[in-house]
$ cat my_file.cif   # mmCIF, C-alpha atoms
data_query
loop_
_atom_site.label_atom_id
_atom_site.label_comp_id
_atom_site.auth_asym_id
_atom_site.auth_seq_id
_atom_site.Cartn_x
_atom_site.Cartn_y
_atom_site.Cartn_z
CA MET A 1 9.23 -12.38 -29.06
CA MET A 2 6.92 -9.41 -28.46
CA PRO A 3 3.79 -8.83 -30.56
CA GLN A 4 4.02 -6.14 -33.27
CA TRP A 5 1.50 -3.85 -31.60
CA ILE A 6 3.67 -3.61 -28.47
CA HIS A 7 6.60 -2.52 -30.63
CA LYS A 8 4.39 0.12 -32.24
CA TRP A 9 2.77 1.41 -29.05
CA THR A 10 6.06 1.57 -27.13
CA SER A 11 7.98 3.37 -29.87
CA LEU A 12 9.17 6.87 -29.00
CA ARG A 13 7.52 8.32 -32.09
CA PHE A 14 4.11 6.84 -31.24
CA PHE A 15 4.35 7.98 -27.64
CA TYR A 16 5.31 11.50 -28.70
CA ALA A 17 2.24 11.77 -30.95
CA PHE A 18 -0.07 10.08 -28.43
CA SER A 19 1.01 12.30 -25.54
CA GLY A 20 0.62 15.41 -27.71
CA ARG A 21 -3.00 14.48 -28.42
CA CYS A 22 -3.76 13.72 -24.75
CA LEU A 23 -2.28 16.88 -23.25
CA PRO A 24 -5.06 19.38 -24.10
CA TRP A 25 -7.73 17.00 -22.78
CA PHE A 26 -5.84 16.36 -19.57
CA ALA A 27 -5.34 20.09 -19.09
CA GLY A 28 -9.04 20.78 -19.59
CA PHE A 29 -10.10 18.11 -17.12
CA LEU A 30 -7.46 19.32 -14.66
CA VAL A 31 -9.01 22.79 -14.62
CA VAL A 32 -12.49 21.35 -14.07
CA PHE A 33 -11.55 18.96 -11.25
CA LEU A 34 -9.21 21.43 -9.59
CA GLY A 35 -11.86 24.15 -9.68
CA TYR A 36 -14.51 21.90 -8.15
CA GLY A 37 -12.09 20.49 -5.57
CA LEU A 38 -10.88 23.90 -4.39
CA VAL A 39 -14.34 25.52 -4.27
CA GLY A 40 -15.90 22.46 -2.67
CA GLY A 41 -13.08 21.97 -0.19
CA LEU A 42 -12.34 25.55 0.79
CA VAL A 43 -15.80 27.11 0.61
CA LEU A 44 -18.69 24.65 0.47
CA SER A 45 -17.70 21.84 2.85
CA PRO A 46 -18.47 22.45 6.52
CA PRO A 47 -15.74 22.75 9.17
CA ASP A 48 -14.70 19.60 11.00
CA TYR A 49 -16.25 19.20 14.46
CA GLN A 50 -12.82 18.63 16.08
CA GLN A 51 -10.33 20.40 13.83
CA GLY A 52 -12.48 23.29 12.65
CA ASP A 53 -11.33 24.86 9.39
CA GLY A 54 -7.79 23.55 9.92
CA PHE A 55 -8.89 20.24 8.39
CA ARG A 56 -9.01 21.90 4.94
CA ILE A 57 -5.30 21.17 4.59
CA ILE A 58 -6.52 17.66 3.75
CA TYR A 59 -7.34 18.85 0.22
CA VAL A 60 -3.64 19.32 -0.61
CA HIS A 61 -2.02 16.96 1.88
CA VAL A 62 -3.87 13.73 1.01
CA PRO A 63 -3.65 14.13 -2.79
CA SER A 64 0.09 14.91 -2.49
CA ALA A 65 0.67 11.85 -0.31
CA PHE A 66 -1.40 9.64 -2.62
CA LEU A 67 0.51 10.84 -5.66
CA SER A 68 3.87 10.40 -3.92
CA LEU A 69 3.09 6.69 -3.63
CA PHE A 70 1.52 6.48 -7.08
CA ALA A 71 4.51 8.16 -8.76
CA TYR A 72 6.86 5.70 -7.10
CA MET A 73 4.76 2.75 -8.27
CA VAL A 74 4.88 4.14 -11.82
CA MET A 75 8.65 4.58 -11.47
CA ALA A 76 9.18 1.07 -10.09
CA GLY A 77 6.82 -0.57 -12.59
CA ALA A 78 8.40 1.22 -15.55
CA SER A 79 11.88 0.34 -14.24
CA ALA A 80 10.90 -3.34 -14.04
CA VAL A 81 9.58 -3.24 -17.61
CA TYR A 82 12.83 -1.63 -18.72
CA LEU A 83 14.98 -4.21 -16.91
CA VAL A 84 13.07 -7.14 -18.43
CA TRP A 85 12.30 -5.92 -21.95
CA ARG A 86 14.65 -2.93 -22.41
CA ILE A 87 11.80 -0.74 -23.68
CA LYS A 88 13.15 2.81 -23.92
CA ILE A 89 9.87 4.60 -23.21
CA ALA A 90 9.61 2.63 -19.95
CA TYR A 91 12.95 3.99 -18.79
CA ILE A 92 12.01 7.52 -19.84
CA ALA A 93 8.74 7.20 -17.88
CA ALA A 94 10.66 6.11 -14.78
CA TYR A 95 13.30 8.79 -15.25
CA VAL A 96 10.79 11.66 -15.53
CA SER A 97 8.52 10.36 -12.73
CA ALA A 98 11.27 10.66 -10.12
CA PRO A 99 11.46 14.47 -9.72
CA ILE A 100 7.66 14.75 -9.83
CA GLY A 101 7.29 12.06 -7.19
CA ALA A 102 9.95 13.68 -5.02
CA THR A 103 8.07 16.99 -5.23
CA PHE A 104 4.79 15.38 -4.22
CA THR A 105 6.53 13.64 -1.31
CA ALA A 106 8.12 16.89 -0.11
CA VAL A 107 4.78 18.70 -0.40
CA ALA A 108 3.06 15.89 1.54
CA LEU A 109 5.67 16.06 4.31
CA LEU A 110 5.60 19.86 4.54
CA THR A 111 1.81 20.19 4.47
CA GLY A 112 1.62 17.33 6.97
CA ALA A 113 4.01 19.16 9.30
CA ILE A 114 1.95 22.35 8.95
CA TRP A 115 -1.21 20.38 9.74
CA GLY A 116 0.45 18.53 12.63
CA LYS A 117 1.56 21.66 14.48
CA PRO A 118 -1.92 22.94 15.47
CA MET A 119 -3.46 19.45 15.77
CA TRP A 120 -0.72 17.37 17.44
CA GLY A 121 1.31 20.23 18.90
CA ALA A 122 4.41 19.17 16.96
CA TRP A 123 5.86 19.86 13.51
CA TRP A 124 7.34 16.36 13.37
CA VAL A 125 7.17 13.04 15.23
CA TRP A 126 9.05 9.84 14.42
CA ASP A 127 5.76 8.14 13.70
CA ALA A 128 5.68 5.07 11.37
CA ARG A 129 3.77 6.84 8.59
CA LEU A 130 5.88 10.01 8.65
CA THR A 131 9.19 8.13 8.91
CA SER A 132 8.38 5.78 6.04
CA GLU A 133 7.25 8.73 3.90
CA LEU A 134 10.58 10.45 4.67
CA ILE A 135 12.38 7.27 3.58
CA LEU A 136 10.39 7.46 0.33
CA LEU A 137 11.77 10.97 -0.24
CA PHE A 138 15.30 9.63 0.34
CA LEU A 139 14.62 6.83 -2.16
CA TYR A 140 13.64 9.38 -4.80
CA PHE A 141 16.81 11.38 -4.11
CA ALA A 142 18.90 8.21 -4.21
CA TYR A 143 17.42 7.24 -7.57
CA MET A 144 18.09 10.67 -9.11
CA THR A 145 21.58 10.92 -7.60
CA LEU A 146 22.54 7.41 -8.70
CA ARG A 147 21.30 8.11 -12.20
CA ALA A 148 23.36 11.29 -12.41
CA SER A 149 26.54 9.99 -10.79
CA VAL A 150 27.30 6.91 -12.91
CA PRO A 151 29.02 8.09 -16.09
CA GLN A 152 28.00 5.24 -18.40
CA ALA A 153 24.39 5.74 -19.46
CA ASP A 154 23.56 2.06 -19.84
CA LYS A 155 25.03 1.16 -16.45
CA ALA A 156 23.35 4.12 -14.77
CA SER A 157 19.95 3.18 -16.11
CA LYS A 158 20.33 -0.45 -15.02
CA ILE A 159 21.53 0.33 -11.50
CA SER A 160 18.93 3.03 -10.90
CA SER A 161 16.16 0.76 -12.21
CA ILE A 162 17.20 -1.98 -9.77
CA LEU A 163 17.13 0.56 -6.93
CA ALA A 164 13.64 1.70 -7.97
CA VAL A 165 12.32 -1.88 -8.02
CA VAL A 166 13.89 -2.83 -4.67
CA GLY A 167 12.68 0.38 -3.03
CA ALA A 168 9.09 -0.48 -3.94
CA VAL A 169 8.98 -2.54 -0.75
CA ASN A 170 8.51 0.80 1.06
CA ILE A 171 5.12 1.43 -0.59
CA PRO A 172 3.06 -1.19 1.31
CA ILE A 173 4.97 -0.24 4.46
CA ILE A 174 3.82 3.37 4.10
CA HIS A 175 0.27 2.36 3.23
CA TYR A 176 -0.19 -0.18 6.06
CA SER A 177 1.95 1.62 8.66
CA VAL A 178 -1.15 3.05 10.35
CA ALA A 179 -2.57 -0.50 10.71
CA TRP A 180 0.63 -2.35 11.64
CA TRP A 181 1.95 0.10 14.23
CA ASN A 182 0.47 2.22 16.99
CA THR A 183 0.81 5.57 15.21
CA LEU A 184 -0.14 9.17 15.86
CA HIS A 185 -1.11 9.56 12.20
CA GLN A 186 -4.78 8.83 11.62
CA GLY A 187 -5.90 5.70 9.79
CA ALA A 188 -6.89 5.47 6.14
CA THR A 189 -9.44 8.06 5.08
CA LEU A 190 -10.44 6.13 1.97
CA SER A 191 -10.70 2.36 1.89
CA ARG A 192 -12.08 -0.15 -0.56
CA PHE A 193 -13.34 -2.32 2.28
CA ALA A 194 -14.95 0.15 4.64
CA LYS A 195 -17.31 3.11 4.59
CA PRO A 196 -15.33 6.33 4.09
CA ALA A 197 -14.41 8.13 7.27
CA LEU A 198 -15.47 11.44 5.71
CA ASP A 199 -18.92 12.88 5.14
CA THR A 200 -19.84 13.13 1.43
CA SER A 201 -19.74 16.93 1.51
CA MET A 202 -16.04 16.65 2.38
CA LEU A 203 -15.36 13.46 0.41
CA TRP A 204 -16.33 14.56 -3.12
CA PRO A 205 -14.01 17.59 -3.19
CA LEU A 206 -11.22 15.36 -1.84
CA LEU A 207 -11.74 12.83 -4.64
CA ALA A 208 -11.82 15.68 -7.16
CA MET A 209 -8.51 17.01 -5.85
CA ILE A 210 -6.94 13.53 -6.03
CA ILE A 211 -8.07 13.23 -9.66
CA ALA A 212 -6.76 16.75 -10.38
CA PHE A 213 -3.36 15.88 -8.91
CA MET A 214 -3.34 12.63 -10.91
CA LEU A 215 -4.02 14.59 -14.13
CA TYR A 216 -1.25 17.01 -13.21
CA PHE A 217 1.14 14.08 -12.72
CA TRP A 218 0.39 12.66 -16.17
CA ILE A 219 0.67 16.11 -17.79
CA GLU A 220 4.11 16.50 -16.21
CA VAL A 221 5.16 12.99 -17.27
CA PHE A 222 4.03 13.65 -20.84
CA VAL A 223 5.74 17.06 -21.10
CA ARG A 224 9.02 15.80 -19.64
CA SER A 225 8.93 12.60 -21.71
CA ARG A 226 8.39 14.63 -24.88
CA THR A 227 11.47 16.69 -23.98
CA CYS A 228 13.55 13.52 -23.52
CA ILE A 229 12.26 12.05 -26.77
CA LEU A 230 13.04 15.24 -28.72
CA LYS A 231 16.57 15.26 -27.27
CA LYS A 232 17.14 11.65 -28.13
CA GLU A 233 15.52 11.64 -31.57
CA SER A 234 16.60 15.12 -32.68
CA GLN A 235 18.60 13.80 -35.62
CA THR A 236 15.87 11.50 -36.93
CA GLN A 237 13.78 12.21 -39.99
CA TRP A 238 10.41 11.95 -38.26
CA VAL A 239 11.31 14.79 -35.86
CA LYS A 240 12.47 17.02 -38.70
CA THR A 241 9.34 16.22 -40.73
CA MET A 242 7.09 16.90 -37.73
CA LEU A 243 8.70 20.26 -36.96
CA CYS A 244 8.49 21.15 -40.66
CA GLN A 245 4.78 20.38 -40.73
CA ARG A 246 4.21 22.53 -37.68
CA GLY A 247 5.96 25.43 -39.39
CA VAL A 248 8.78 25.46 -36.85
CA LEU A 249 11.39 24.46 -39.42
CA MET B 1 -21.23 28.30 2.06
CA SER B 2 -19.14 27.91 5.19
CA PHE B 3 -18.04 31.55 5.39
CA ASP B 4 -20.12 34.72 5.60
CA THR B 5 -17.38 37.15 4.65
CA VAL B 6 -14.06 37.15 2.85
CA ILE B 7 -12.29 38.05 6.11
CA ARG B 8 -13.63 34.90 7.79
CA PHE B 9 -12.61 32.87 4.74
CA ILE B 10 -9.04 34.17 5.05
CA GLN B 11 -8.98 33.64 8.82
CA MET B 12 -10.17 30.02 8.47
CA GLY B 13 -11.43 29.90 12.05
CA GLY B 14 -8.02 30.90 13.43
CA TYR B 15 -6.10 28.40 11.31
CA GLY B 16 -5.56 30.76 8.38
CA ALA B 17 -1.77 30.88 8.64
CA TYR B 18 -1.54 27.09 8.59
CA VAL B 19 -4.09 26.51 5.85
CA TRP B 20 -2.85 29.20 3.46
CA SER B 21 0.83 28.35 3.94
CA ALA B 22 0.05 24.71 3.12
CA TYR B 23 -1.85 25.70 -0.02
CA GLY B 24 0.88 28.18 -0.91
CA ILE B 25 3.63 25.56 -0.65
CA ALA B 26 1.64 23.11 -2.79
CA PHE B 27 0.73 25.74 -5.38
CA PHE B 28 4.25 27.16 -5.76
CA ALA B 29 6.01 23.78 -5.80
CA LEU B 30 3.71 22.32 -8.45
CA SER B 31 3.58 25.53 -10.53
CA PHE B 32 7.36 25.88 -10.51
CA HIS B 33 7.69 22.26 -11.58
CA PHE B 34 5.35 22.64 -14.49
CA ILE B 35 6.80 25.97 -15.68
CA TYR B 36 10.33 24.53 -15.53
CA ALA B 37 9.30 21.41 -17.49
CA ARG B 38 7.49 23.47 -20.10
CA ARG B 39 10.46 25.84 -20.57
CA GLN B 40 12.84 22.89 -20.93
CA PHE B 41 10.60 21.47 -23.65
CA GLN B 42 10.46 24.80 -25.50
CA LYS B 43 14.26 25.18 -25.29
CA VAL B 44 14.86 21.71 -26.71
CA GLN B 45 12.23 22.22 -29.42
CA GLN B 46 13.92 25.50 -30.41
CA ALA B 47 17.36 23.86 -30.43
CA VAL B 48 16.12 21.02 -32.64
CA SER B 49 14.34 23.40 -34.99
CA MET B 50 17.60 25.35 -35.43
CA GLY B 51 19.32 22.15 -36.46
CA LYS B 52 21.31 21.87 -33.25
CA ASN B 53 21.79 18.61 -31.43
CA PRO B 54 20.50 19.29 -27.90
CA MET B 55 22.65 16.44 -26.54
CA HIS B 56 25.88 18.36 -27.30
CA HIS B 57 27.23 21.75 -26.36
CA PRO B 58 29.78 23.75 -28.37
CA LYS B 59 33.37 23.64 -27.14
CA GLY B 60 34.23 26.46 -24.79
CA ALA B 61 30.62 27.28 -23.94
CA ARG B 62 29.46 27.16 -20.37
CA THR B 63 28.21 23.62 -20.24
CA VAL B 64 25.89 21.55 -18.17
CA VAL B 65 26.34 17.83 -18.57
CA ILE B 66 23.27 16.30 -20.15
CA LYS B 67 23.33 12.60 -19.59
CA GLU B 68 22.48 10.63 -22.67
CA LEU B 69 19.58 8.29 -22.22
CA PRO B 70 20.21 4.64 -23.03
#
$ encode --input "my_file.cif" --output "structure tokens"
Amino acid sequence: MMPQWIHKWTSLRFFYAFSGRCLPWFAGFLVVFLGYGLVGGLVLSPPDYQQGDGFRIIYVHVPSAFLSLFAYMVMAGASAVYLVWRIKIAYIAAYVSAPIGATFTAVALLTGAIWGKPMWGAWWVWDARLTSELILLFLYFAYMTLRASVPQADKASKISSILAVVGAVNIPIIHYSVAWWNTLHQGATLSRFAKPALDTSMLWPLLAMIIAFMLYFWIEVFVRSRTCILKKESQTQWVKTMLCQRGVL
Amino acid sequence: MSFDTVIRFIQMGGYGAYVWSAYGIAFFALSFHFIYARRQFQKVQQAVSMGKNPMHHPKGARTVVIKELP
């Protein structure tokens, strides 16, 4: 038996109102962090002593890669919550996270290839980190395809949720691939247990860009979730009342 | 400031093509995503406000299957 407050906080109506209140704040902070990250990373930080100005790709590549893993963890976690407790907002969160996560993964792979060409001399190598990130992209595609191909909605949601949870095993593999295998890809830039590998003049803009990408992710999740909720609850009284109050109806 | 002139900023020490194409890919992919999501939301909001059920399409219209959520 779940406490009352969980029922309230996980209701579609509550989430719709909550996400609507959060969106302007997230957008404002996104502009601030993105502005600082881009100016700091592209203009203020010095060139790398080995890679020159080519290293500045880090300010889109690392945040994209980080968010590709984060989005999958959100998707897998929400899928697990849905499988156990059948909370609708959890499934919606997983469902909308998939295309965003796939986009981040594709951007990480493409920007990584563009970075790899001048630095490694190759667009692609079958390195542990790159290969496991490519598998992550396939997992996203598999989740979306599975969801779309099973005609019964309930069955589709269950099967795709199981796939999301099982595929989460790939996340620690991606993260620790640079430690477990002899890889071309460099080791972790940011670690909880060691001094950062970057100078602070390069590090702060990177952290700002990671936060900006994180805010973008949540803005996307909120917008897409609100679309799903409106579709699902279109015939309910609270939606009609809300649209009336906003002068839309 | 790492660059004296705008030209040097664009050239990025000889890596300009790589750097700007990476930023371009990221910018366009994420912008497209957001614009698409926002337009979908506005379409559904308009459909609901007109009293239509966005889960169904009229018979004979060019349809795209919208999977019902559980």
$ interface_residues --input "my_file.cif" --of "chain A" --to "chain B" --cutoff "8 Å" --atoms "only C-alpha atoms" --output "mmCIF file with C-alpha atoms, in the coordinates of the input"
data_model
loop_
_atom_site.group_PDB
_atom_site.id
_atom_site.type_symbol
_atom_site.label_atom_id
_atom_site.label_comp_id
_atom_site.auth_asym_id
_atom_site.auth_seq_id
_atom_site.Cartn_x
_atom_site.Cartn_y
_atom_site.Cartn_z
ATOM 1 C CA VAL A 43 -15.800 27.110 0.610
ATOM 2 C CA LEU A 44 -18.690 24.650 0.470
ATOM 3 C CA SER A 45 -17.700 21.840 2.850
ATOM 4 C CA PRO A 46 -18.470 22.450 6.520
ATOM 5 C CA PRO A 47 -15.740 22.750 9.170
ATOM 6 C CA GLY A 52 -12.480 23.290 12.650
ATOM 7 C CA ASP A 53 -11.330 24.860 9.390
ATOM 8 C CA GLY A 54 -7.790 23.550 9.920
ATOM 9 C CA ARG A 56 -9.010 21.900 4.940
ATOM 10 C CA ILE A 57 -5.300 21.170 4.590
ATOM 11 C CA VAL A 60 -3.640 19.320 -0.610
ATOM 12 C CA LYS A 88 13.150 2.810 -23.920
ATOM 13 C CA ILE A 92 12.010 7.520 -19.840
ATOM 14 C CA ILE A 100 7.660 14.750 -9.830
ATOM 15 C CA THR A 103 8.070 16.990 -5.230
ATOM 16 C CA VAL A 107 4.780 18.700 -0.400
ATOM 17 C CA LEU A 110 5.600 19.860 4.540
ATOM 18 C CA THR A 111 1.810 20.190 4.470
ATOM 19 C CA ILE A 114 1.950 22.350 8.950
ATOM 20 C CA TRP A 115 -1.210 20.380 9.740
ATOM 21 C CA ALA A 148 23.360 11.290 -12.410
ATOM 22 C CA ALA A 153 24.390 5.740 -19.460
ATOM 23 C CA ASP A 154 23.560 2.060 -19.840
ATOM 24 C CA SER A 157 19.950 3.180 -16.110
ATOM 25 C CA GLU A 220 4.110 16.500 -16.210
ATOM 26 C CA VAL A 223 5.740 17.060 -21.100
ATOM 27 C CA ARG A 224 9.020 15.800 -19.640
ATOM 28 C CA ARG A 226 8.390 14.630 -24.880
ATOM 29 C CA THR A 227 11.470 16.690 -23.980
ATOM 30 C CA LEU A 230 13.040 15.240 -28.720
ATOM 31 C CA LYS A 231 16.570 15.260 -27.270
ATOM 32 C CA LYS A 232 17.140 11.650 -28.130
ATOM 33 C CA SER A 234 16.600 15.120 -32.680
ATOM 34 C CA GLN A 235 18.600 13.800 -35.620
ATOM 35 C CA LYS A 240 12.470 17.020 -38.700
ATOM 36 C CA LEU A 243 8.700 20.260 -36.960
ATOM 37 C CA VAL A 248 8.780 25.460 -36.850
ATOM 38 C CA LEU A 249 11.390 24.460 -39.420
#
$ resolve_selection --input "my_file.cif" --expression "the PyMOL selection byres ((chain A and resi 89) around 9)" --output "mmCIF file with C-alpha atoms, in the coordinates of the input"
data_model
loop_
_atom_site.group_PDB
_atom_site.id
_atom_site.type_symbol
_atom_site.label_atom_id
_atom_site.label_comp_id
_atom_site.auth_asym_id
_atom_site.auth_seq_id
_atom_site.Cartn_x
_atom_site.Cartn_y
_atom_site.Cartn_z
ATOM 1 C CA THR A 10 6.060 1.570 -27.130
ATOM 2 C CA SER A 11 7.980 3.370 -29.870
ATOM 3 C CA LEU A 12 9.170 6.870 -29.000
ATOM 4 C CA PHE A 15 4.350 7.980 -27.640
ATOM 5 C CA ALA A 78 8.400 1.220 -15.550
ATOM 6 C CA TYR A 82 12.830 -1.630 -18.720
ATOM 7 C CA ARG A 86 14.650 -2.930 -22.410
ATOM 8 C CA ILE A 87 11.800 -0.740 -23.680
ATOM 9 C CA LYS A 88 13.150 2.810 -23.920
ATOM 10 C CA ALA A 90 9.610 2.630 -19.950
ATOM 11 C CA TYR A 91 12.950 3.990 -18.790
ATOM 12 C CA ILE A 92 12.010 7.520 -19.840
ATOM 13 C CA ALA A 93 8.740 7.200 -17.880
ATOM 14 C CA ALA A 94 10.660 6.110 -14.780
ATOM 15 C CA SER A 225 8.930 12.600 -21.710
ATOM 16 C CA ILE A 229 12.260 12.050 -26.770
#
$ resolve_selection --input "my_file.cif" --expression "the PyMOL selection byres ((chain A and resi 20) around 12)" --output "NGL selection string"
:A and (13-19 or 21-27 or 218-219 or 221-227)
$ atom_distance --input "my_file.cif" --atom1 "CA of Ile58 in chain A" --atom2 "CA of Thr200 in chain A"
14.3 Å
$ closest_residue --input "my_file.cif" --among "A:Leu42, A:Arg147, A:Thr241, A:Ala102" --to "Val6 in chain B" --atoms "only C-alpha atoms"
A:Leu42
$ residues_around --input "my_file.cif" --residues "Leu38 in chain A" --least-positions-apart "3" --cutoff "8 Å" --atoms "all atoms listed in the file" --output "number ranges by chain"
A: 34-35, 41-43, 59, 205, 209
$ residues_around --input "my_file.cif" --residues "Val31 in chain A" --least-positions-apart "5" --cutoff "10 Å" --atoms "all atoms listed in the file" --output "PyMOL selection string"
chain A and resi 26+36-37+212+215-216
$ atom_distance --input "my_file.cif" --atom1 "CA of Leu134 in chain A" --atom2 "CA of Gln50 in chain A"
27.3 Å
$ residues_around --input "my_file.cif" --residues "Thr145 in chain A" --least-positions-apart "4" --cutoff "12 Å" --atoms "all atoms listed in the file" --output "JSON, numbers by chain"
{"A": [95, 98, 99, 138, 139, 140, 141, 149, 150, 151, 156, 157, 159, 160, 163]}
$ atom_distance --input "my_file.cif" --atom1 "CA of Phe70 in chain A" --atom2 "CA of Ile174 in chain A"
11.8 Å
$ residues_around --input "my_file.cif" --residues "Gly167 in chain A" --least-positions-apart "2" --cutoff "9 Å" --atoms "all atoms listed in the file" --output "VMD selection string"
chain A and resid 72 76 136 139 162 to 165 169 to 171
$ residues_around --input "my_file.cif" --residues "Leu109 in chain A" --least-positions-apart "3" --cutoff "10 Å" --atoms "only C-alpha atoms" --output "list in words"
His61, Ser64, Ala65, Thr103, Phe104, Thr105, Ala106, Gly112, Ala113, Ile114, Trp115, Trp123, Trp124, Leu130, Thr131, Glu133, Leu134 and Leu137 of chain A
$ build_atoms --input "my_file.cif" --residues "range 36-43 of chain B" --atoms "all heavy atoms" --output "short mmCIF file (atom, residue, chain, number, x, y, z; two decimals), keeping the file's coordinate frame"
data_model
loop_
_atom_site.label_atom_id
_atom_site.label_comp_id
_atom_site.auth_asym_id
_atom_site.auth_seq_id
_atom_site.Cartn_x
_atom_site.Cartn_y
_atom_site.Cartn_z
N TYR B 36 8.97 24.97 -15.20
CA TYR B 36 10.33 24.53 -15.53
C TYR B 36 10.30 23.47 -16.64
O TYR B 36 11.05 23.54 -17.60
CB TYR B 36 11.00 23.97 -14.28
CG TYR B 36 12.38 23.42 -14.53
CD1 TYR B 36 13.48 24.26 -14.67
CD2 TYR B 36 12.58 22.05 -14.67
CE1 TYR B 36 14.74 23.76 -14.92
CE2 TYR B 36 13.83 21.54 -14.92
CZ TYR B 36 14.91 22.39 -15.04
OH TYR B 36 16.15 21.88 -15.31
N ALA B 37 9.39 22.49 -16.50
CA ALA B 37 9.30 21.41 -17.49
C ALA B 37 8.92 21.97 -18.86
O ALA B 37 9.46 21.58 -19.89
CB ALA B 37 8.29 20.37 -17.04
N ARG B 38 7.98 22.89 -18.86
CA ARG B 38 7.49 23.47 -20.10
C ARG B 38 8.59 24.27 -20.80
O ARG B 38 8.75 24.17 -22.02
CB ARG B 38 6.30 24.38 -19.78
CG ARG B 38 5.61 24.96 -20.95
CD ARG B 38 4.48 24.12 -21.47
NE ARG B 38 3.99 24.73 -22.71
CZ ARG B 38 4.09 24.16 -23.90
NH1 ARG B 38 4.59 22.96 -24.02
NH2 ARG B 38 3.66 24.77 -24.97
N ARG B 39 9.37 25.04 -19.99
CA ARG B 39 10.46 25.84 -20.57
C ARG B 39 11.56 24.95 -21.12
O ARG B 39 12.15 25.25 -22.16
CB ARG B 39 11.01 26.80 -19.53
CG ARG B 39 10.07 27.96 -19.28
CD ARG B 39 10.56 28.89 -18.22
NE ARG B 39 11.62 29.75 -18.74
CZ ARG B 39 12.10 30.79 -18.08
NH1 ARG B 39 11.67 31.07 -16.87
NH2 ARG B 39 13.03 31.53 -18.59
N GLN B 40 11.85 23.84 -20.43
CA GLN B 40 12.84 22.89 -20.93
C GLN B 40 12.40 22.35 -22.28
O GLN B 40 13.20 22.22 -23.21
CB GLN B 40 13.02 21.72 -19.95
CG GLN B 40 13.81 22.05 -18.71
CD GLN B 40 15.25 22.37 -19.03
OE1 GLN B 40 15.64 23.52 -19.03
NE2 GLN B 40 16.05 21.36 -19.28
N PHE B 41 11.14 22.01 -22.40
CA PHE B 41 10.60 21.47 -23.65
C PHE B 41 10.74 22.51 -24.78
O PHE B 41 11.17 22.18 -25.88
CB PHE B 41 9.13 21.06 -23.47
CG PHE B 41 8.49 20.59 -24.75
CD1 PHE B 41 8.76 19.33 -25.25
CD2 PHE B 41 7.64 21.42 -25.46
CE1 PHE B 41 8.18 18.90 -26.44
CE2 PHE B 41 7.05 21.00 -26.64
CZ PHE B 41 7.33 19.73 -27.14
N GLN B 42 10.38 23.75 -24.48
CA GLN B 42 10.46 24.80 -25.50
C GLN B 42 11.90 25.05 -25.92
O GLN B 42 12.18 25.26 -27.10
CB GLN B 42 9.82 26.08 -24.97
CG GLN B 42 8.31 26.00 -24.94
CD GLN B 42 7.66 27.12 -24.13
OE1 GLN B 42 8.29 27.78 -23.32
NE2 GLN B 42 6.38 27.32 -24.36
N LYS B 43 12.84 24.98 -24.97
CA LYS B 43 14.26 25.18 -25.29
C LYS B 43 14.75 24.09 -26.23
O LYS B 43 15.46 24.36 -27.21
CB LYS B 43 15.10 25.13 -24.01
CG LYS B 43 15.33 26.44 -23.35
CD LYS B 43 16.32 26.28 -22.18
CE LYS B 43 16.16 27.44 -21.25
NZ LYS B 43 16.94 27.32 -20.03
#
